[in-house]
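J.: After the structure tokens below, expect a handful of questions from me.
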Amino acid sequence: MEQTIHHSPNGAGHEQQEVSVRLIVKSLAGLAVLTFFVFLLVVGIFRYFYDTDKTADSRRQGVIPPEPRIEVAPYEQIQQLRAHEDHVLNSYAWVDQQAGIVRVPIDRAIDMLAAKGLPSHNYLDDIQAGKKPPALAKQPEAGAKQGTSDAK
């Protein structure tokens with residue numbers, strides 16, 4: 001099993017055996033046939049899924065999906081929403097007529113609040129509340145004694 005390797009002195013040389021053209025042609029033909037079968041398999045799978053999806057679509061056609069749905073015309077819908085919000089913010093209306101609660105335009109509400117004023121709170125007293133000594137309990141007056149009554 002020993003093979004002798006002959007080296008050329010200048011490192012140049014060539015193969016002693018030719019490449020098998022027949023093997024290359026057979027390999028390419030086999031690869032083309034295998035590629036064709038894979039193509040047919042993929043087309044068959046896609047047709048199967050396409051046909052099964054059509055039957056599923058016919059069953060789903062009458063079902064309406066739950067909210068929120070895809071917006072058909074979002075630009076128009078946002079314009080309608082903003083117009084409704086502007087109407088609510090800029091008009092008078094009854095909220096609860098029996099209780100006497102009304103909705104007033106936002107500009108009028110701001111003016112009414114400015115005229116009435118907002119409640120104020122001294123937050124500085126809250127900060128210093130923990131630093132102040134506790135308030136002492138009121139002492140009873142000197143004339144009044146506990147537990148005695150003057151009625152006779």
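Simple scheme: letters A, B, ... for chains in structure tokens order, numbers from 1 for residues in each chain, numbers from 1 for ligands in the order shown.
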DSSP on the backbone: which residues in region 35-133 of chain A end up as strand (DSSP E)? Give the answer as a list in words.
T.: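 Going through region 35-133 of chain A, the strand (DSSP E) residues come out as Ala93, Trp94, Val95, Asp96, Ile101, Val102 and Arg103 of chain A.
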J.: Grab the residues selected above and save them as a PDB file, in the first residue's frame with C-alpha atoms.
T.:
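Output file part08.pdb follows:
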```pdb
ATOM      1  CA  ALA A  93     -75.336  71.032  27.637  1.00  0.00           C
ATOM      2  CA  TRP A  94     -77.026  69.311  30.537  1.00  0.00           C
ATOM      3  CA  VAL A  95     -74.966  66.600  32.226  1.00  0.00           C
ATOM      4  CA  ASP A  96     -77.647  65.772  34.800  1.00  0.00           C
ATOM      5  CA  ILE A 101     -75.271  69.822  36.589  1.00  0.00           C
ATOM      6  CA  VAL A 102     -74.428  71.531  33.310  1.00  0.00           C
ATOM      7  CA  ARG A 103     -71.486  71.514  30.934  1.00  0.00           C
TER       8      ARG A 103
END
```
J.: State, in Å with one decimal place, the distance from CA of Leu81 (chain A) to CA of Pro105 (chain A).
T.: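 According to the coordinates, CA of Leu81 (chain A) and CA of Pro105 (chain A) are separated by 17.5 Å.
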J.: For the atom pair CA of Tyr50 (chain A) and CA of Gly62 (chain A), what is the interatomic distance in Å to one decimal place?
T.: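 According to the coordinates, CA of Tyr50 (chain A) and CA of Gly62 (chain A) are separated by 19.9 Å.
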